Amino acid sequence: MNIEVIRAEMRREDEKLYVGNTVFKAEGTQSQYEITFMSKNGKDWDYSLHFTELSGDEEELLRMDELLENDDDLYNQLLDAALDAYLA
């Protein structure tokens with residue numbers, strides 16, 4: 001799936017907690033999404049997916065979430081965008 005990364009950021013809170021996000025638009029979807037990443041060690045990541053601006057089709061959001069769960073390349077592409085912003 002082709003995606004367009006609109007913006008990404010990552011920061012450290014305290015000394016160990018990483019918090020970042022990537023705003024993106026996926027080919028064939030109507031909405032922009034924001035995925036927020038959280039990690040206590042910089043290796044094991046949790047995420048939360050939500051609409052960026054206006055609420056959209058909830059079924060489309062659920063399909064995107066399922067895609068992120070099953071497509072490691074897509075997930076890693078979005079995480080890498082946030083990590084790259086941290087290193088920049």
# chains A, B, ... in the order shown; residues from 1 in each chain; ligands from 1
>>> select_by_dssp(residues="chain A", states="alpha helix (DSSP H)", output="count of residues only")
29
>>> select_by_dssp(residues="chain A", states="strand (DSSP E)", output="JSON, numbers by chain")
{"A": [3, 4, 5, 6, 7, 8, 9, 10, 11, 12, 13, 17, 18, 19, 20, 21, 22, 23, 24, 25, 26, 32, 33, 34, 35, 36, 37, 38, 39, 46, 47, 48, 49, 50, 51]}
>>> closest_atom_pairs(of="segment 47-79 of chain A", to="segment 8-20 of chain A", cutoff="10 Å", atoms="only C-alpha atoms", output="JSON lines")
{"residue": "A:Tyr47", "atom": "CA", "partner": "A:Gly20", "partner_atom": "CA", "distance": 9.4}
{"residue": "A:Leu78", "atom": "CA", "partner": "A:Ala8", "partner_atom": "CA", "distance": 8.4}
{"residue": "A:Leu79", "atom": "CA", "partner": "A:Gly20", "partner_atom": "CA", "distance": 8.5}
>>> closest_residue(among="A:Thr36, A:Asn21, A:Ser31, A:Asn2", to="Asp57 of chain A", atoms="only C-alpha atoms")
A:Ser31
>>> closest_residue(among="A:Leu83, A:Glu34, A:Ala26, A:Asn70", to="Ser55 of chain A", atoms="only C-alpha atoms")
A:Glu34
>>> closest_residue(among="A:Ala82, A:Met1, A:Leu74, A:Met64", to="Gln32 of chain A", atoms="only C-alpha atoms")
A:Met64
>>> atom_distance(atom1="atom CA of Asn41 of chain A", atom2="atom CA of Glu53 of chain A")
29.8 Å
>>> closest_residue(among="A:Thr22, A:Glu27, A:Ile3, A:Tyr33", to="Ala81 of chain A", atoms="only C-alpha atoms")
A:Thr22
>>> atom_distance(atom1="atom CA of Ile35 of chain A", atom2="atom CA of Glu59 of chain A")
16.5 Å
>>> decode(residues="chain A", atoms="C-alpha atoms", output="mmCIF file, in the first residue's frame")
data_model
loop_
_atom_site.group_PDB
_atom_site.id
_atom_site.type_symbol
_atom_site.label_atom_id
_atom_site.label_comp_id
_atom_site.auth_asym_id
_atom_site.auth_seq_id
_atom_site.Cartn_x
_atom_site.Cartn_y
_atom_site.Cartn_z
ATOM 1 C CA MET A 1 0.000 0.000 0.000
ATOM 2 C CA ASN A 2 1.310 3.431 -0.889
ATOM 3 C CA ILE A 3 1.256 6.018 1.837
ATOM 4 C CA GLU A 4 2.142 9.687 2.008
ATOM 5 C CA VAL A 5 3.799 10.784 5.238
ATOM 6 C CA ILE A 6 2.596 14.303 5.978
ATOM 7 C CA ARG A 7 4.602 14.880 9.148
ATOM 8 C CA ALA A 8 6.347 12.890 11.838
ATOM 9 C CA GLU A 9 7.943 13.537 15.199
ATOM 10 C CA MET A 10 9.457 11.664 18.119
ATOM 11 C CA ARG A 11 10.566 12.873 21.523
ATOM 12 C CA ARG A 12 11.804 11.445 24.783
ATOM 13 C CA GLU A 13 9.995 12.084 28.002
ATOM 14 C CA ASP A 14 11.882 11.477 31.198
ATOM 15 C CA GLU A 15 14.942 9.424 30.363
ATOM 16 C CA LYS A 16 13.370 6.302 28.938
ATOM 17 C CA LEU A 17 9.904 6.963 27.546
ATOM 18 C CA TYR A 18 9.646 7.570 23.801
ATOM 19 C CA VAL A 19 6.494 9.203 22.399
ATOM 20 C CA GLY A 20 6.052 10.015 18.738
ATOM 21 C CA ASN A 21 3.555 10.182 15.935
ATOM 22 C CA THR A 22 3.245 10.040 12.196
ATOM 23 C CA VAL A 23 0.461 11.721 10.244
ATOM 24 C CA PHE A 24 -0.243 9.990 6.946
ATOM 25 C CA LYS A 25 -2.680 9.438 4.112
ATOM 26 C CA ALA A 26 -3.020 5.989 2.602
ATOM 27 C CA GLU A 27 -3.822 5.330 -1.024
ATOM 28 C CA GLY A 28 -7.499 4.537 -1.470
ATOM 29 C CA THR A 29 -8.651 6.033 1.838
ATOM 30 C CA GLN A 30 -10.684 9.162 2.445
ATOM 31 C CA SER A 31 -9.142 10.265 5.735
ATOM 32 C CA GLN A 32 -5.806 11.335 7.128
ATOM 33 C CA TYR A 33 -4.629 9.280 10.070
ATOM 34 C CA GLU A 34 -2.280 9.825 12.953
ATOM 35 C CA ILE A 35 -0.506 6.907 14.548
ATOM 36 C CA THR A 36 0.989 7.570 17.965
ATOM 37 C CA PHE A 37 3.884 5.392 19.122
ATOM 38 C CA MET A 38 4.964 4.792 22.724
ATOM 39 C CA SER A 39 7.900 2.802 24.085
ATOM 40 C CA LYS A 40 9.581 2.524 27.463
ATOM 41 C CA ASN A 41 12.807 1.166 25.997
ATOM 42 C CA GLY A 42 12.932 2.225 22.348
ATOM 43 C CA LYS A 43 12.483 -1.382 21.182
ATOM 44 C CA ASP A 44 9.026 -2.601 22.171
ATOM 45 C CA TRP A 45 6.374 -0.283 20.734
ATOM 46 C CA ASP A 46 2.683 0.236 21.407
ATOM 47 C CA TYR A 47 0.567 2.354 19.121
ATOM 48 C CA SER A 48 -2.743 4.130 18.863
ATOM 49 C CA LEU A 49 -4.422 5.010 15.570
ATOM 50 C CA HIS A 50 -6.916 7.834 15.163
ATOM 51 C CA PHE A 51 -8.228 10.364 12.676
ATOM 52 C CA THR A 52 -6.055 13.459 12.342
ATOM 53 C CA GLU A 53 -8.563 16.208 11.756
ATOM 54 C CA LEU A 54 -12.203 15.316 11.267
ATOM 55 C CA SER A 55 -13.842 12.061 12.186
ATOM 56 C CA GLY A 56 -14.219 9.767 9.249
ATOM 57 C CA ASP A 57 -15.581 6.360 8.379
ATOM 58 C CA GLU A 58 -15.069 4.160 11.438
ATOM 59 C CA GLU A 59 -15.008 0.995 9.337
ATOM 60 C CA GLU A 60 -12.187 2.474 7.262
ATOM 61 C CA LEU A 61 -10.299 3.219 10.497
ATOM 62 C CA LEU A 62 -10.793 -0.365 11.667
ATOM 63 C CA ARG A 63 -9.530 -1.701 8.307
ATOM 64 C CA MET A 64 -6.456 0.541 8.574
ATOM 65 C CA ASP A 65 -5.817 -0.688 12.117
ATOM 66 C CA GLU A 66 -6.094 -4.299 10.964
ATOM 67 C CA LEU A 67 -3.707 -3.566 8.106
ATOM 68 C CA LEU A 68 -1.173 -2.113 10.554
ATOM 69 C CA GLU A 69 -1.493 -5.226 12.728
ATOM 70 C CA ASN A 70 -0.790 -7.519 9.772
ATOM 71 C CA ASP A 71 1.608 -5.537 7.560
ATOM 72 C CA ASP A 72 4.955 -5.178 9.332
ATOM 73 C CA ASP A 73 6.445 -3.222 6.432
ATOM 74 C CA LEU A 74 3.734 -0.561 6.603
ATOM 75 C CA TYR A 75 3.947 -0.345 10.399
ATOM 76 C CA ASN A 76 7.741 -0.075 10.287
ATOM 77 C CA GLN A 77 7.599 2.576 7.572
ATOM 78 C CA LEU A 78 5.439 4.773 9.818
ATOM 79 C CA LEU A 79 7.553 4.078 12.910
ATOM 80 C CA ASP A 80 10.762 4.767 10.973
ATOM 81 C CA ALA A 81 9.380 8.134 9.841
ATOM 82 C CA ALA A 82 8.901 9.129 13.487
ATOM 83 C CA LEU A 83 12.312 7.769 14.515
ATOM 84 C CA ASP A 84 14.016 9.564 11.622
ATOM 85 C CA ALA A 85 12.466 12.832 12.817
ATOM 86 C CA TYR A 86 13.924 12.186 16.282
ATOM 87 C CA LEU A 87 17.402 11.615 14.867
ATOM 88 C CA ALA A 88 17.267 14.637 12.565
#
